[in-house]
>>> print(open('structure10.txt').read())   # compact mmCIF, C-alpha atoms
# COMPACT_ATOMS: atom_id res chain seq x y z
CA MET A 22 18.94 -8.56 30.28
CA GLU A 23 18.59 -11.68 28.17
CA TYR A 24 20.54 -14.78 29.19
CA ARG A 25 21.72 -17.51 26.84
CA ARG A 26 23.30 -20.92 27.33
CA LEU A 27 27.04 -20.85 26.70
CA GLY A 28 27.56 -23.31 23.89
CA GLY A 29 26.17 -26.75 24.58
CA SER A 30 26.54 -26.42 28.34
CA GLY A 31 23.91 -25.77 30.98
CA PHE A 32 25.71 -22.54 31.98
CA SER A 33 23.70 -19.36 31.30
CA VAL A 34 25.41 -16.03 30.66
CA PRO A 35 24.09 -12.53 29.91
CA VAL A 36 24.11 -11.53 26.25
CA LEU A 37 26.30 -8.59 27.22
CA SER A 38 29.35 -9.07 29.41
CA PHE A 39 31.81 -6.47 30.65
CA GLY A 40 35.46 -6.49 29.59
CA THR A 41 38.00 -5.16 32.07
CA GLY A 42 40.73 -4.23 29.60
CA THR A 43 40.23 -0.59 30.65
CA PHE A 44 41.04 -1.37 34.29
CA GLY A 45 44.50 -0.37 35.52
CA GLY A 46 46.03 1.41 32.55
CA LYS A 47 49.53 -0.03 33.02
CA GLY A 48 51.87 0.19 30.06
CA GLU A 49 51.49 2.06 26.78
CA PHE A 50 49.15 -0.51 25.20
CA PHE A 51 46.61 -0.74 28.02
CA SER A 52 46.82 2.93 28.99
CA ALA A 53 45.45 3.65 25.50
CA TRP A 54 42.37 1.61 26.46
CA GLY A 55 41.77 3.35 29.79
CA ALA A 56 43.01 3.68 33.35
CA THR A 57 39.99 2.85 35.51
CA ASP A 58 40.82 2.69 39.22
CA VAL A 59 39.02 0.78 41.99
CA LYS A 60 36.56 3.56 42.77
CA GLU A 61 35.55 4.01 39.14
CA ALA A 62 35.44 0.25 38.57
CA SER A 63 33.12 -0.19 41.55
CA ARG A 64 30.70 2.31 40.04
CA LEU A 65 30.77 0.56 36.66
CA VAL A 66 30.18 -2.80 38.37
CA ASP A 67 27.21 -1.23 40.19
CA ILE A 68 25.64 -0.18 36.90
CA CYS A 69 26.30 -3.56 35.28
CA LEU A 70 24.72 -5.53 38.12
CA GLU A 71 21.71 -3.22 38.21
CA ALA A 72 21.19 -3.89 34.50
CA GLY A 73 21.54 -7.66 34.89
CA LEU A 74 24.98 -7.75 33.31
CA THR A 75 26.66 -10.20 35.68
CA LEU A 76 29.61 -11.57 33.68
CA PHE A 77 32.97 -9.80 33.93
CA ASP A 78 35.84 -10.80 31.65
CA SER A 79 39.52 -10.26 32.35
CA ALA A 80 42.98 -11.73 31.66
CA ASP A 81 46.29 -12.02 33.47
CA ILE A 82 48.04 -9.80 30.91
CA TYR A 83 45.59 -6.91 31.22
CA SER A 84 47.75 -4.21 32.79
CA SER A 85 50.08 -6.96 34.09
CA GLY A 86 47.44 -8.36 36.43
CA ALA A 87 46.16 -5.01 37.69
CA ALA A 88 42.82 -5.46 35.87
CA GLU A 89 42.13 -8.67 37.81
CA GLU A 90 43.17 -6.99 41.06
CA ILE A 91 40.84 -4.04 40.47
CA LEU A 92 37.98 -6.35 39.49
CA GLY A 93 38.52 -8.35 42.68
CA GLU A 94 38.33 -5.19 44.78
CA ALA A 95 35.26 -3.94 42.92
CA LEU A 96 33.44 -7.23 43.55
CA LYS A 97 34.40 -7.48 47.20
CA GLY A 98 31.36 -8.37 49.27
CA ARG A 99 29.24 -9.26 46.24
CA ARG A 100 31.17 -12.02 44.53
CA ASN A 101 28.09 -14.24 44.67
CA GLU A 102 26.22 -11.76 42.44
CA ALA A 103 28.76 -11.99 39.63
CA LEU A 104 30.32 -14.40 37.17
CA ILE A 105 34.03 -14.09 36.42
CA SER A 106 35.85 -15.18 33.30
CA THR A 107 39.56 -14.72 32.84
CA LYS A 108 42.32 -15.92 30.54
CA ALA A 109 45.96 -17.04 30.49
CA THR A 110 48.72 -18.50 28.25
CA PHE A 111 50.45 -15.28 27.12
CA ARG A 112 53.82 -14.60 28.73
CA SER A 113 53.38 -13.47 32.33
CA GLY A 114 57.00 -13.46 33.56
CA GLU A 115 60.63 -13.89 32.54
CA GLY A 116 60.94 -17.61 33.32
CA PRO A 117 60.92 -20.35 30.66
CA ASN A 118 57.64 -21.74 32.08
CA ASP A 119 55.87 -18.39 32.44
CA VAL A 120 54.07 -18.82 29.13
CA GLY A 121 51.88 -21.27 27.28
CA ALA A 122 49.40 -24.01 28.16
CA SER A 123 51.64 -26.45 30.01
CA ARG A 124 50.41 -28.04 33.23
CA PHE A 125 53.02 -25.98 35.08
CA HIS A 126 51.96 -22.64 33.68
CA LEU A 127 48.20 -23.21 33.78
CA ILE A 128 48.21 -24.20 37.44
CA GLU A 129 50.46 -21.26 38.32
CA ALA A 130 48.29 -18.89 36.28
CA VAL A 131 45.03 -20.02 37.88
CA GLU A 132 46.45 -19.79 41.41
CA ALA A 133 47.76 -16.27 40.70
CA ALA A 134 44.45 -15.18 39.19
CA LEU A 135 42.52 -16.47 42.20
CA ARG A 136 44.72 -14.39 44.50
CA ARG A 137 44.34 -11.25 42.40
CA LEU A 138 40.58 -11.71 42.04
CA GLN A 139 40.19 -12.51 45.76
CA THR A 140 37.99 -15.51 45.01
CA ASP A 141 38.10 -19.27 45.43
CA HIS A 142 36.90 -20.10 41.92
CA ILE A 143 36.79 -18.82 38.35
CA ASP A 144 33.49 -19.43 36.57
CA LEU A 145 35.00 -19.56 33.07
CA PHE A 146 38.72 -20.00 32.44
CA GLN A 147 39.90 -19.55 28.86
CA LEU A 148 43.18 -20.22 27.07
CA HIS A 149 44.14 -16.85 25.60
CA GLY A 150 45.91 -18.49 22.66
CA PHE A 151 46.90 -21.90 21.32
CA ASP A 152 50.18 -23.45 22.50
CA ALA A 153 51.60 -25.64 19.73
CA MET A 154 54.56 -26.67 21.91
CA THR A 155 52.46 -28.41 24.58
CA PRO A 156 50.50 -31.61 23.90
CA VAL A 157 46.77 -30.96 23.90
CA GLU A 158 46.38 -33.95 26.24
CA GLU A 159 48.58 -32.26 28.84
CA THR A 160 46.65 -29.00 28.62
CA LEU A 161 43.23 -30.58 28.94
CA SER A 162 44.37 -32.92 31.72
CA ALA A 163 45.59 -29.92 33.73
CA LEU A 164 42.28 -28.13 33.15
CA ASP A 165 40.44 -31.28 34.24
CA ASP A 166 42.41 -31.31 37.51
CA LEU A 167 41.56 -27.65 38.10
CA VAL A 168 37.87 -28.30 37.44
CA ARG A 169 37.85 -31.29 39.80
CA ALA A 170 39.58 -29.17 42.44
CA GLY A 171 36.77 -26.61 42.19
CA LYS A 172 39.11 -23.81 41.11
CA ILE A 173 37.52 -23.38 37.68
CA ARG A 174 34.04 -24.39 36.60
CA TYR A 175 34.00 -24.20 32.82
CA VAL A 176 36.73 -23.92 30.20
CA GLY A 177 37.00 -22.08 26.93
CA CYS A 178 39.53 -20.86 24.41
CA SER A 179 40.34 -17.66 22.59
CA ASN A 180 42.05 -16.79 19.31
CA PHE A 181 42.22 -20.43 18.19
CA SER A 182 42.05 -21.35 14.53
CA GLY A 183 39.51 -23.93 13.48
CA TRP A 184 41.88 -26.88 13.58
CA HIS A 185 43.22 -25.83 17.02
CA LEU A 186 39.72 -25.91 18.43
CA MET A 187 38.60 -29.08 16.65
CA LYS A 188 41.73 -30.97 17.70
CA SER A 189 41.15 -29.92 21.30
CA LEU A 190 37.51 -31.02 21.21
CA ALA A 191 38.45 -34.37 19.67
CA VAL A 192 41.03 -35.03 22.40
CA ALA A 193 38.52 -34.00 25.07
CA ASP A 194 35.95 -36.44 23.70
CA ARG A 195 38.48 -39.28 23.36
CA TYR A 196 39.74 -39.07 26.93
CA ASN A 197 36.63 -37.69 28.66
CA LEU A 198 38.32 -34.39 29.48
CA PRO A 199 36.65 -30.95 29.71
CA ARG A 200 35.31 -29.59 26.43
CA TYR A 201 35.70 -25.95 25.52
CA ILE A 202 32.20 -24.49 25.72
CA ALA A 203 33.26 -20.97 24.77
CA ASN A 204 35.35 -19.46 22.01
CA GLN A 205 36.28 -15.85 22.76
CA ALA A 206 36.77 -14.51 19.26
CA TYR A 207 37.13 -11.25 17.40
CA TYR A 208 33.93 -10.55 15.44
CA SER A 209 32.39 -7.30 14.27
CA LEU A 210 30.61 -5.70 11.34
CA VAL A 211 34.05 -4.81 9.96
CA GLY A 212 35.64 -8.13 10.90
CA ARG A 213 33.52 -11.08 9.76
CA ASP A 214 36.28 -13.68 9.32
CA TYR A 215 34.79 -15.56 12.29
CA GLU A 216 31.93 -16.62 10.02
CA TRP A 217 34.16 -18.52 7.58
CA GLU A 218 35.19 -21.48 9.74
CA LEU A 219 34.78 -20.81 13.45
CA MET A 220 31.05 -20.13 13.26
CA PRO A 221 30.24 -23.37 11.37
CA LEU A 222 32.47 -25.23 13.83
CA GLY A 223 30.67 -23.60 16.75
CA LEU A 224 27.29 -24.62 15.35
CA ASP A 225 28.41 -28.19 14.72
CA GLN A 226 30.23 -28.69 18.03
CA LYS A 227 28.04 -26.46 20.22
CA VAL A 228 30.73 -23.95 21.18
CA GLY A 229 29.36 -20.52 22.07
CA ALA A 230 31.04 -17.32 20.95
CA MET A 231 32.04 -14.64 23.41
CA VAL A 232 32.79 -11.72 21.11
CA TRP A 233 35.73 -9.44 21.85
CA SER A 234 36.20 -5.99 20.28
CA PRO A 235 32.66 -5.95 18.84
CA LEU A 236 33.13 -2.35 17.68
CA GLY A 237 36.00 -3.21 15.37
CA TRP A 238 38.90 -2.11 17.58
CA GLY A 239 37.22 1.23 18.29
CA ARG A 240 36.22 1.97 14.68
CA LEU A 241 32.44 1.67 15.15
CA THR A 242 32.01 4.08 18.05
CA GLY A 243 30.19 6.59 15.87
CA LYS A 244 33.10 9.02 16.08
CA ILE A 245 34.85 7.98 12.88
CA ARG A 246 33.46 9.49 9.71
CA ARG A 247 34.51 9.80 6.10
CA GLY A 248 36.87 12.76 5.61
CA GLN A 249 37.28 13.46 9.33
CA PRO A 250 40.37 12.98 11.53
CA LEU A 251 40.43 10.39 14.30
CA PRO A 252 38.96 11.60 17.60
CA GLU A 253 41.59 12.80 20.07
CA THR A 254 40.95 10.01 22.59
CA SER A 255 40.80 7.08 20.15
CA ARG A 256 42.82 3.98 21.07
CA LEU A 257 43.70 3.76 17.37
CA HIS A 258 46.38 6.43 17.82
CA LYS A 259 48.57 4.06 19.83
CA THR A 260 47.22 0.59 19.12
CA GLY A 261 45.79 0.74 15.60
CA ASP A 262 48.73 -1.17 14.12
CA LYS A 263 48.33 -3.97 16.69
CA GLY A 264 44.69 -4.73 15.93
CA PRO A 265 42.81 -5.84 12.81
CA GLN A 266 43.71 -3.91 9.69
CA ILE A 267 40.74 -2.48 7.79
CA GLU A 268 40.75 -0.60 4.50
CA GLU A 269 39.31 2.91 4.82
CA GLU A 270 36.78 2.64 1.99
CA TYR A 271 35.40 -0.62 3.38
CA LEU A 272 35.11 0.93 6.85
CA TYR A 273 33.31 4.01 5.53
CA ARG A 274 30.91 1.85 3.53
CA VAL A 275 29.88 0.07 6.74
CA VAL A 276 29.73 3.32 8.73
CA ASP A 277 27.50 4.89 6.07
CA ALA A 278 25.07 1.98 6.40
CA LEU A 279 25.15 2.25 10.19
CA ASP A 280 24.43 5.98 9.99
CA GLU A 281 21.39 5.38 7.78
CA ILE A 282 19.94 2.82 10.19
CA ALA A 283 20.76 5.04 13.17
CA LYS A 284 18.54 7.73 11.66
CA GLU A 285 15.73 5.22 11.11
CA THR A 286 15.84 3.67 14.57
CA GLY A 287 16.95 6.52 16.82
CA LYS A 288 19.71 4.25 18.13
CA SER A 289 23.41 5.05 18.19
CA VAL A 290 25.99 3.54 15.83
CA PRO A 291 27.53 1.37 18.61
CA GLN A 292 24.11 0.13 19.71
CA ILE A 293 23.30 -0.95 16.16
CA ALA A 294 26.66 -2.65 15.68
CA LEU A 295 26.23 -4.56 18.95
CA ASN A 296 22.61 -5.49 18.22
CA TRP A 297 23.64 -6.88 14.82
CA LEU A 298 26.08 -9.22 16.57
CA LEU A 299 23.40 -10.41 18.98
CA GLN A 300 21.39 -11.71 16.00
CA ARG A 301 24.25 -13.88 14.70
CA PRO A 302 24.41 -17.67 15.06
CA THR A 303 26.55 -19.10 17.92
CA VAL A 304 26.89 -15.73 19.71
CA SER A 305 26.27 -16.27 23.43
CA SER A 306 27.67 -13.01 24.80
CA VAL A 307 29.17 -9.81 23.43
CA ILE A 308 31.90 -8.27 25.58
CA ILE A 309 31.48 -4.52 25.94
CA GLY A 310 34.00 -2.13 27.44
CA ALA A 311 33.66 1.36 28.80
CA ARG A 312 35.98 4.08 30.04
CA ASP A 313 33.19 5.75 31.97
CA GLU A 314 29.54 5.56 33.04
CA THR A 315 28.26 7.34 29.92
CA GLN A 316 29.87 4.83 27.56
CA LEU A 317 28.64 1.92 29.63
CA ARG A 318 25.03 3.09 29.71
CA GLN A 319 25.07 3.67 25.96
CA ASN A 320 26.40 0.16 25.30
CA LEU A 321 23.78 -1.33 27.60
CA GLY A 322 21.20 0.24 25.28
CA ALA A 323 22.08 -2.37 22.65
CA VAL A 324 19.64 -4.85 24.25
CA GLY A 325 15.85 -4.87 24.62
CA TRP A 326 15.13 -4.29 20.93
CA SER A 327 16.02 -5.86 17.58
CA LEU A 328 16.99 -4.72 14.12
CA THR A 329 14.51 -5.69 11.42
CA PRO A 330 15.44 -8.43 8.94
CA GLU A 331 15.65 -5.78 6.22
CA GLN A 332 18.07 -3.66 8.27
CA ILE A 333 20.20 -6.71 9.05
CA ALA A 334 20.30 -7.55 5.34
CA ARG A 335 21.55 -4.04 4.52
CA LEU A 336 24.28 -4.28 7.13
CA ASP A 337 25.22 -7.72 5.84
CA ALA A 338 25.51 -6.37 2.31
CA ALA A 339 27.56 -3.32 3.33
CA SER A 340 30.01 -5.43 5.34
CA HIS A 341 30.29 -8.36 2.92
CA ARG A 342 33.75 -9.41 1.79
CA THR A 343 34.81 -12.30 -0.40
CA PRO A 344 36.17 -14.94 1.98
CA ALA A 345 39.51 -16.67 1.62
CA TYR A 346 39.89 -20.04 -0.06
CA PRO A 347 38.40 -22.62 0.38
CA TYR A 348 35.40 -20.75 1.78
CA TRP A 349 34.57 -18.80 -1.39
CA HIS A 350 34.70 -22.08 -3.31
CA GLN A 351 32.33 -23.78 -0.86
CA HIS A 352 29.68 -21.16 -1.61
CA ASP A 353 29.26 -22.86 -5.00
CA PHE A 354 28.24 -26.04 -3.19
CA ALA A 355 25.67 -24.42 -0.91
CA GLU A 356 23.12 -27.13 -1.66
CA ARG A 357 25.12 -29.59 0.45
CA ASN A 358 27.38 -27.19 2.34
CA PRO A 359 25.17 -24.24 3.34
CA PRO A 360 26.78 -21.18 4.93
CA PRO A 361 25.80 -20.53 8.56
CA VAL A 362 24.35 -17.08 7.81
>>> encode(input="structure10.txt", output="structure tokens")
Amino acid sequence: MEYRRLGGSGFSVPVLSFGTGTFGGKGEFFSAWGATDVKEASRLVDICLEAGLTLFDSADIYSSGAAEEILGEALKGRRNEALISTKATFRSGEGPNDVGASRFHLIEAVEAALRRLQTDHIDLFQLHGFDAMTPVEETLSALDDLVRAGKIRYVGCSNFSGWHLMKSLAVADRYNLPRYIANQAYYSLVGRDYEWELMPLGLDQKVGAMVWSPLGWGRLTGKIRRGQPLPETSRLHKTGDKGPQIEEEYLYRVVDALDEIAKETGKSVPQIALNWLLQRPTVSSVIIGARDETQLRQNLGAVGWSLTPEQIARLDAASHRTPAYPYWHQHDFAERNPPPV
């Protein structure tokens, strides 16, 4: 397993990390992802650690905290072998302060996560979304206190727009507060919006990407084909309207290109889609999920080899979309404003 520095920090993470959204299966949304219990989770953790995949990502809203609880049980007795990242800011209760990035909520959220995870520290704590109602100075000051207390070691963000992230970094630099070293962002062969602004920002400010939903919200599993119905177990049946919307013809164009390269390489469609991401600028780690051992082992097969430049170029061409303004306009000034890829 290859390790990379996370952003501009000295913290090294595996290029593949494991997402625990399939743990617990509480509620209609997360039950569509999976319902892995402690026994099954322990087996998946075994396989990950054997392969050198040591980073496990969770969040307080995953199955209403059950994912963190199951991860804590699965890591019992071997916490020192693993790295844990988790997230907060989404609503976690009925109270007026049970949401957001206020000092109150962040401290409460971290303490609750530590209890569920059965650990004394979180290696990477990320804000799950931007809170426009709380001053950035308050948020970063609270995170600074948590770092100094030894309860979290590094901080990151997720689902921020470019100005959210840049404002936060500017405030951190001005007041010597913790900088976000990670940006957990949606990025896939059928979702390349990350490249427009967040990737150039990450390159400039040394913020590493942790990619979520690298298979396009379940669309690049190799089970979706032109003219065929969705597979019976696809999460798209229940959650397709909650994730990124993708036109069918565009999706099939990308899948056709993946199928061609799968035949050339002997690799699976998901392995190719994941390997493509690992070649992209700023990407530190790609978060993979798995309902079972078979899925996990297949996803682990995305490392240890590389697509050729010609194959990458074909995938780039198949998945290209005209970006939104002002990014399409900036392409005409590439001499002084070159695109990141």
>>> atom_distance(input="structure10.txt", atom1="CA of Ala191 (chain A)", atom2="CA of Arg25 (chain A)")
24.8 Å
>>> residues_around(input="structure10.txt", residues="Asp144 (chain A)", least_positions_apart="6", cutoff="7 Å", atoms="all atoms listed in the file", output="list in words")
Leu104, Ile105, Ser106, Ile173, Arg174 and Tyr175 of chain A
>>> closest_residue(input="structure10.txt", among="A:Gly229, A:Pro156, A:Pro265, A:Pro359", to="Tyr201 (chain A)", atoms="all atoms listed in the file")
A:Gly229
>>> atom_distance(input="structure10.txt", atom1="CA of Lys288 (chain A)", atom2="CA of Leu70 (chain A)")
22.8 Å
>>> atom_distance(input="structure10.txt", atom1="CA of Leu317 (chain A)", atom2="CA of Val176 (chain A)")
27.1 Å
>>> closest_residue(input="structure10.txt", among="A:Pro199, A:Gly212, A:Gly223, A:Gly171", to="Val157 (chain A)", atoms="all atoms listed in the file")
A:Pro199
>>> closest_residue(input="structure10.txt", among="A:Glu356, A:Glu218, A:Asp58, A:Glu89", to="His185 (chain A)", atoms="only C-alpha atoms")
A:Glu218
>>> closest_residue(input="structure10.txt", among="A:Ile245, A:Ala311, A:Ala203, A:Val211", to="Arg26 (chain A)", atoms="all atoms listed in the file")
A:Ala203
>>> closest_residue(input="structure10.txt", among="A:Trp184, A:Phe146, A:Trp233, A:Tyr208", to="Ile308 (chain A)", atoms="all atoms listed in the file")
A:Trp233
>>> residues_around(input="structure10.txt", residues="region 113-115 of chain A", least_positions_apart="6", cutoff="10 Å", atoms="all atoms listed in the file", output="PyMOL selection string")
chain A and resi 81-82+85-86+121+126+130
>>> residues_around(input="structure10.txt", residues="Ser162 (chain A)", least_positions_apart="3", cutoff="8 Å", atoms="all atoms listed in the file", output="NGL selection string")
:A and (124 or 158-159 or 165-166 or 198)
>>> residues_near_point(input="structure10.txt", point="(40.2, -18.7, 31.0)", cutoff="7 Å", atoms="only C-alpha atoms", output="count of residues only")
12
>>> residues_around(input="structure10.txt", residues="Arg213 (chain A)", least_positions_apart="5", cutoff="9 Å", atoms="all atoms listed in the file", output="NGL selection string")
:A and (207-208 or 340-342)
>>> residues_around(input="structure10.txt", residues="region 289-291 of chain A", least_positions_apart="2", cutoff="8 Å", atoms="all atoms listed in the file", output="PDB file with C-alpha atoms, in the frame of the given file")
ATOM      1  CA  LEU A 236      33.130  -2.350  17.680  1.00  0.00           C
ATOM      2  CA  LEU A 241      32.440   1.670  15.150  1.00  0.00           C
ATOM      3  CA  THR A 242      32.010   4.080  18.050  1.00  0.00           C
ATOM      4  CA  GLY A 243      30.190   6.590  15.870  1.00  0.00           C
ATOM      5  CA  LEU A 279      25.150   2.250  10.190  1.00  0.00           C
ATOM      6  CA  ASP A 280      24.430   5.980   9.990  1.00  0.00           C
ATOM      7  CA  ALA A 283      20.760   5.040  13.170  1.00  0.00           C
ATOM      8  CA  GLY A 287      16.950   6.520  16.820  1.00  0.00           C
ATOM      9  CA  ILE A 293      23.300  -0.950  16.160  1.00  0.00           C
ATOM     10  CA  ALA A 294      26.660  -2.650  15.680  1.00  0.00           C
ATOM     11  CA  LEU A 295      26.230  -4.560  18.950  1.00  0.00           C
ATOM     12  CA  ASN A 320      26.400   0.160  25.300  1.00  0.00           C
ATOM     13  CA  ALA A 323      22.080  -2.370  22.650  1.00  0.00           C
TER      14      ALA A 323
END
